[in-house]
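Colleague: Sharing a structure, written as structure tokens. Questions coming.
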Amino acid sequence: MAFLSYLINGLSLGSVYAIIALGYTMVYGIAKMLNFAHGDIMMIGAYVAFFALSSFGIPVIPSVLLSMLATTLLGVVIERLAYKPLRNATSLSVLITAIGVSYFLQNGAQLLWSSSTKVFPAIISNGAVKLFGGELQISYLTLVTIVVCIAVMVCLTLFINKTKTGMAMRACSEDKGAATLMGINVNLIISITFAIGSGIAAIAAVLLCATYPTLSPTLGSMPGIKAFTAAVFGGIGSIPGAFLGGLMLGVIEILAKAYVSTQLSDAIVFAVLIIVLLIKPTGLLGRKMSEKV
């Protein structure tokens, strides 16, 4: 029963990683760039939700929506000011810019809210669902986290596959030049992609802070790295891959902490990633892209 409990906790943590990874994989899949500031955008969303809940007494759902609005606008502004001028630049230039934006957001958060750790307020009751005569207990927070992750994944998949904007995103992902010739505004589509990915990051921020209720300007650093690892693990650019990679990463991390060592859990996670990429370089659900030269 202990293994089942660890497995469920791993799925809960992996759900948070999966939501963050969706932002990474969407931006890479369409704009072909790695937005390493994504974790810090998530951190800003956590602070917005924190002050909405604790300082202004706004209920949970409106606070989450306010946080999503803030991160959506921030994502669009960053894309317009930092990334759009580099649309035709080298990958290294874009990467350095993304790292610079990340440090800018971290230091800006320190100036605005100090580097001291804040305690995120509880947003879900501490109750639990009891199964097998109480031998297995699943907290309400765990259930909400898993359900929200699945809901985000389903909504995003339907949006990408069923809407005109989603089809335009898939066209830009395949060939931006051809998409432009077909009348698609590529710059607008990339901005929408950043907006959606950044908005989703706010949901992950609230769930992460609800699970681990400590808030600081470095909040997004390690979860951001692990979520990027999850995106690569599942196949960078693949939305189902980000979902699967996040869940598997969370399960591996929790099982490693439970059965091996808390200190070595991160090393085990990255070791598994290396093994997977050695066997399948494109990730679990990634696909090879042929390029004409």
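Letters A, B, ... mark the chains of the structure tokens in the order given; residue numbers begin at 1 per chain; ligand numbers begin at 1, in order shown.
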DSSP on the backbone, strand (DSSP E or B) only: what residues of segment 23-169 of chain A does that give? Format it as a list in words.

Modeller: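 Of segment 23-169 of chain A, the ones in strand (DSSP E or B) are Lys118, Val119, Ala128, Val129, Lys130, Leu131, Leu136, Gln137, Ile138 and Ser139 of chain A.
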
Colleague: Give me a file of those residues, with C-alpha atoms, as a compact mmCIF listing (two decimals), in the first residue's frame.

Modeller:
# COMPACT_ATOMS: atom_id res chain seq x y z
CA LYS A 118 6.89 33.80 2.25
CA VAL A 119 4.38 31.17 3.30
CA ALA A 128 -8.43 13.15 2.28
CA VAL A 129 -10.25 10.37 0.49
CA LYS A 130 -9.79 7.11 2.39
CA LEU A 131 -9.60 3.82 0.49
CA LEU A 136 -4.66 4.42 1.56
CA GLN A 137 -5.39 8.12 1.91
CA ILE A 138 -5.37 10.53 -1.04
CA SER A 139 -5.45 14.20 -0.08

Colleague: Sorted by chain and rising residue number, which residues of segment 188-219 of chain A lie within 12 Å of segment 157-177 of chain A, and what are their closest atom pairs and distances in Å to one decimal, counting only C-alpha atoms, as CSV?

Modeller:
residue,atom,partner,partner_atom,distance
A:Leu188,CA,A:Met169,CA,10.0
A:Ile189,CA,A:Met169,CA,6.3
A:Ile190,CA,A:Met169,CA,7.9
A:Ser191,CA,A:Met169,CA,10.7
A:Ile192,CA,A:Thr165,CA,8.8
A:Thr193,CA,A:Met169,CA,7.9
A:Phe194,CA,A:Met169,CA,11.5
A:Ile196,CA,A:Phe159,CA,10.7

Colleague: Can you pull out the residues contacting Lys84 of chain A? Cut-off 12 Å, using only C-alpha atoms, and skip same-chain residues under 3 positions away; I want them as an NGL selection string.

Modeller: :A and (31 or 33 or 75-81 or 87-89 or 94 or 97-98 or 186-191 or 194)

Colleague: Please save N, CA and C atoms of the selected residues as a PDB file, in the first residue's frame.

Modeller:
ATOM      1  N   ALA A  31       7.752  28.197 -32.055  1.00  0.00           N
ATOM      2  CA  ALA A  31       8.760  29.233 -32.282  1.00  0.00           C
ATOM      3  C   ALA A  31      10.163  28.661 -32.430  1.00  0.00           C
ATOM      4  N   MET A  33      12.285  27.792 -30.133  1.00  0.00           N
ATOM      5  CA  MET A  33      13.209  28.404 -29.189  1.00  0.00           C
ATOM      6  C   MET A  33      12.908  27.879 -27.791  1.00  0.00           C
ATOM      7  N   GLY A  75       4.012  37.284 -20.466  1.00  0.00           N
ATOM      8  CA  GLY A  75       4.559  36.457 -21.538  1.00  0.00           C
ATOM      9  C   GLY A  75       4.533  37.158 -22.880  1.00  0.00           C
ATOM     10  N   VAL A  76       3.431  37.855 -23.166  1.00  0.00           N
ATOM     11  CA  VAL A  76       3.312  38.580 -24.439  1.00  0.00           C
ATOM     12  C   VAL A  76       4.319  39.724 -24.496  1.00  0.00           C
ATOM     13  N   VAL A  77       4.456  40.464 -23.387  1.00  0.00           N
ATOM     14  CA  VAL A  77       5.399  41.595 -23.354  1.00  0.00           C
ATOM     15  C   VAL A  77       6.827  41.107 -23.550  1.00  0.00           C
ATOM     16  N   ILE A  78       7.193  40.016 -22.860  1.00  0.00           N
ATOM     17  CA  ILE A  78       8.550  39.470 -23.012  1.00  0.00           C
ATOM     18  C   ILE A  78       8.797  39.026 -24.443  1.00  0.00           C
ATOM     19  N   GLU A  79       7.810  38.367 -25.041  1.00  0.00           N
ATOM     20  CA  GLU A  79       7.976  37.904 -26.418  1.00  0.00           C
ATOM     21  C   GLU A  79       8.161  39.084 -27.368  1.00  0.00           C
ATOM     22  N   ARG A  80       7.375  40.132 -27.181  1.00  0.00           N
ATOM     23  CA  ARG A  80       7.444  41.288 -28.075  1.00  0.00           C
ATOM     24  C   ARG A  80       8.749  42.057 -27.914  1.00  0.00           C
ATOM     25  N   LEU A  81       9.183  42.251 -26.670  1.00  0.00           N
ATOM     26  CA  LEU A  81      10.351  43.099 -26.424  1.00  0.00           C
ATOM     27  C   LEU A  81      11.679  42.346 -26.545  1.00  0.00           C
ATOM     28  N   ARG A  87      13.973  37.203 -34.075  1.00  0.00           N
ATOM     29  CA  ARG A  87      13.285  36.136 -34.803  1.00  0.00           C
ATOM     30  C   ARG A  87      14.215  35.431 -35.803  1.00  0.00           C
ATOM     31  N   ASN A  88      15.107  36.180 -36.434  1.00  0.00           N
ATOM     32  CA  ASN A  88      16.003  35.603 -37.433  1.00  0.00           C
ATOM     33  C   ASN A  88      17.438  35.471 -36.924  1.00  0.00           C
ATOM     34  N   ALA A  89      17.607  35.633 -35.617  1.00  0.00           N
ATOM     35  CA  ALA A  89      18.946  35.535 -35.039  1.00  0.00           C
ATOM     36  C   ALA A  89      19.319  34.072 -34.819  1.00  0.00           C
ATOM     37  N   VAL A  94      19.316  33.800 -29.006  1.00  0.00           N
ATOM     38  CA  VAL A  94      18.013  33.668 -28.351  1.00  0.00           C
ATOM     39  C   VAL A  94      18.174  33.020 -26.985  1.00  0.00           C
ATOM     40  N   THR A  97      19.562  35.506 -24.527  1.00  0.00           N
ATOM     41  CA  THR A  97      18.508  36.462 -24.190  1.00  0.00           C
ATOM     42  C   THR A  97      17.521  35.872 -23.195  1.00  0.00           C
ATOM     43  N   ALA A  98      17.145  34.607 -23.399  1.00  0.00           N
ATOM     44  CA  ALA A  98      16.211  33.945 -22.482  1.00  0.00           C
ATOM     45  C   ALA A  98      16.798  33.855 -21.077  1.00  0.00           C
ATOM     46  N   VAL A 186       2.278  34.926 -38.666  1.00  0.00           N
ATOM     47  CA  VAL A 186       3.155  34.102 -37.839  1.00  0.00           C
ATOM     48  C   VAL A 186       3.503  34.798 -36.525  1.00  0.00           C
ATOM     49  N   ASN A 187       3.781  36.103 -36.582  1.00  0.00           N
ATOM     50  CA  ASN A 187       4.127  36.834 -35.364  1.00  0.00           C
ATOM     51  C   ASN A 187       2.985  36.802 -34.354  1.00  0.00           C
ATOM     52  N   LEU A 188       1.757  36.941 -34.839  1.00  0.00           N
ATOM     53  CA  LEU A 188       0.597  36.884 -33.952  1.00  0.00           C
ATOM     54  C   LEU A 188       0.453  35.494 -33.340  1.00  0.00           C
ATOM     55  N   ILE A 189       0.645  34.463 -34.143  1.00  0.00           N
ATOM     56  CA  ILE A 189       0.520  33.090 -33.648  1.00  0.00           C
ATOM     57  C   ILE A 189       1.566  32.803 -32.578  1.00  0.00           C
ATOM     58  N   ILE A 190       2.786  33.283 -32.776  1.00  0.00           N
ATOM     59  CA  ILE A 190       3.826  33.078 -31.769  1.00  0.00           C
ATOM     60  C   ILE A 190       3.483  33.816 -30.481  1.00  0.00           C
ATOM     61  N   SER A 191       2.934  35.028 -30.597  1.00  0.00           N
ATOM     62  CA  SER A 191       2.509  35.772 -29.400  1.00  0.00           C
ATOM     63  C   SER A 191       1.397  35.034 -28.662  1.00  0.00           C
ATOM     64  N   PHE A 194       2.935  32.168 -26.712  1.00  0.00           N
ATOM     65  CA  PHE A 194       3.535  32.640 -25.465  1.00  0.00           C
ATOM     66  C   PHE A 194       2.460  32.974 -24.432  1.00  0.00           C
TER      67      PHE A 194
END

Colleague: Applying 7 Å and only C-alpha atoms, which residues near Ala201 of chain A remain after dropping the ones on its own chain fewer than 6 positions away? List them as a ChimeraX atom specification.

Modeller: /A:19-20,23,42

Colleague: Keeping only C-alpha atoms, write the selected residues to a file as a PDB file, in the first residue's frame.

Modeller:
ATOM      1  CA  ILE A  19       1.684  21.699 -16.738  1.00  0.00           C
ATOM      2  CA  ILE A  20       4.942  23.669 -16.670  1.00  0.00           C
ATOM      3  CA  GLY A  23       4.584  25.865 -21.815  1.00  0.00           C
ATOM      4  CA  MET A  42       5.605  31.006 -13.209  1.00  0.00           C
TER       5      MET A  42
END

Colleague: Looking at A:Leu219, A:Val272, A:Ser54, A:Leu66, which one is nearest to Gln106 of chain A, with distances taken over only C-alpha atoms?

Modeller: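 Between A:Leu219, A:Val272, A:Ser54, A:Leu66, the residue approaching Gln106 of chain A most closely is A:Leu219.
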
Colleague: For segment 262-265 of chain A, work out the shell of residues within 12 Å, counting only C-alpha atoms and skipping chain neighbours fewer than 3 positions away, then give it as a list in words.

Modeller: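 Those residues are Lys226, Leu249, Gly250, Val251, Ile252, Glu253, Ile254, Leu255, Ala256, Lys257, Ala258, Tyr259, Ile268, Val269, Phe270, Ala271 and Val272 of chain A.
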
Colleague: Give me the residues within 7 Å of Met26 of chain A as a PyMOL selection string, counting only C-alpha atoms and dropping any in the same chain fewer than 3 places off.

Modeller: chain A and resi 22-23+29-30+193+197+237

Colleague: Keeping N, CA and C atoms, export the residues of the selection given above as a PDB file, in the first residue's frame.

Modeller:
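Output saved as result_39.pdb:
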ATOM      1  N   LEU A  22       4.276  21.887 -20.526  1.00  0.00           N
ATOM      2  CA  LEU A  22       3.437  22.233 -21.679  1.00  0.00           C
ATOM      3  C   LEU A  22       3.817  23.596 -22.238  1.00  0.00           C
ATOM      4  N   GLY A  23       4.158  24.546 -21.350  1.00  0.00           N
ATOM      5  CA  GLY A  23       4.584  25.865 -21.815  1.00  0.00           C
ATOM      6  C   GLY A  23       5.894  25.798 -22.587  1.00  0.00           C
ATOM      7  N   GLY A  29       7.813  24.027 -29.926  1.00  0.00           N
ATOM      8  CA  GLY A  29       7.178  23.407 -31.082  1.00  0.00           C
ATOM      9  C   GLY A  29       6.812  24.397 -32.160  1.00  0.00           C
ATOM     10  N   ILE A  30       6.489  25.632 -31.785  1.00  0.00           N
ATOM     11  CA  ILE A  30       6.037  26.611 -32.776  1.00  0.00           C
ATOM     12  C   ILE A  30       7.116  27.643 -33.088  1.00  0.00           C
ATOM     13  N   THR A 193       0.929  31.856 -28.680  1.00  0.00           N
ATOM     14  CA  THR A 193       1.565  30.691 -28.060  1.00  0.00           C
ATOM     15  C   THR A 193       2.206  31.062 -26.733  1.00  0.00           C
ATOM     16  N   GLY A 197       1.019  29.592 -23.077  1.00  0.00           N
ATOM     17  CA  GLY A 197       2.009  28.922 -22.241  1.00  0.00           C
ATOM     18  C   GLY A 197       2.236  29.638 -20.923  1.00  0.00           C
ATOM     19  N   GLY A 237       8.463  19.560 -28.026  1.00  0.00           N
ATOM     20  CA  GLY A 237       7.597  19.932 -29.142  1.00  0.00           C
ATOM     21  C   GLY A 237       6.320  19.114 -29.200  1.00  0.00           C
TER      22      GLY A 237
END

Colleague: Within 10 Å of Ala204 of chain A, counting only C-alpha atoms, which residues show up once you throw out same-chain ones fewer than 5 positions away? Write them as a ChimeraX atom specification, please.

Modeller: /A:15-21,39,42-43,45-46,145,148-149,199,209-210,223

Colleague: For the residues in the current selection, export C-alpha atoms as a short mmCIF file (atom, residue, chain, number, x, y, z; two decimals), in the first residue's frame.

Modeller:
data_model
loop_
_atom_site.label_atom_id
_atom_site.label_comp_id
_atom_site.auth_asym_id
_atom_site.auth_seq_id
_atom_site.Cartn_x
_atom_site.Cartn_y
_atom_site.Cartn_z
CA SER A 15 1.14 16.77 -12.88
CA VAL A 16 2.72 20.07 -11.83
CA TYR A 17 5.82 19.32 -13.91
CA ALA A 18 3.58 18.39 -16.85
CA ILE A 19 1.68 21.70 -16.74
CA ILE A 20 4.94 23.67 -16.67
CA ALA A 21 6.42 21.47 -19.42
CA GLY A 39 10.00 29.11 -14.75
CA MET A 42 5.61 31.01 -13.21
CA MET A 43 7.24 32.57 -10.14
CA GLY A 45 2.30 34.24 -11.21
CA ALA A 46 2.80 32.69 -7.77
CA THR A 145 -3.73 18.64 -8.90
CA VAL A 148 -6.48 20.00 -13.15
CA CYS A 149 -3.50 18.62 -15.08
CA GLY A 199 -1.13 31.59 -18.61
CA CYS A 209 2.85 26.54 -3.90
CA ALA A 210 -0.18 24.72 -2.51
CA PRO A 223 10.86 23.18 -11.03
#

Colleague: Rounded to one decimal place, report the atom CA of Tyr24 of chain A-atom CA of Phe228 of chain A distance in Å.

Modeller: 6.5 Å

Colleague: Once DSSP has gone over the backbone, tell me which residues of segment 40-151 of chain A are in alpha helix (DSSP H), as an MDAnalysis selection string.

Modeller: chainID A and resid 40:54 60:78 91:113 140:151

Colleague: So how many Å separate atom CA of Leu277 of chain A and atom CA of Ala205 of chain A, to one decimal?

Modeller: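 Answer for the atom CA of Leu277 of chain A to atom CA of Ala205 of chain A separation: 28.1 Å.
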
Colleague: What is the atom CA of Asn126 of chain A to atom CA of Leu141 of chain A distance in Å?

Modeller: 7.7 Å

Colleague: Quick one: of A:Ile203, A:Ala267, A:Ala227, A:Val232, who's nearest to Leu69 of chain A, counting only C-alpha atoms?

Modeller: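 Of A:Ile203, A:Ala267, A:Ala227, A:Val232, the one nearest Leu69 of chain A, counting only C-alpha atoms, is A:Ile203.
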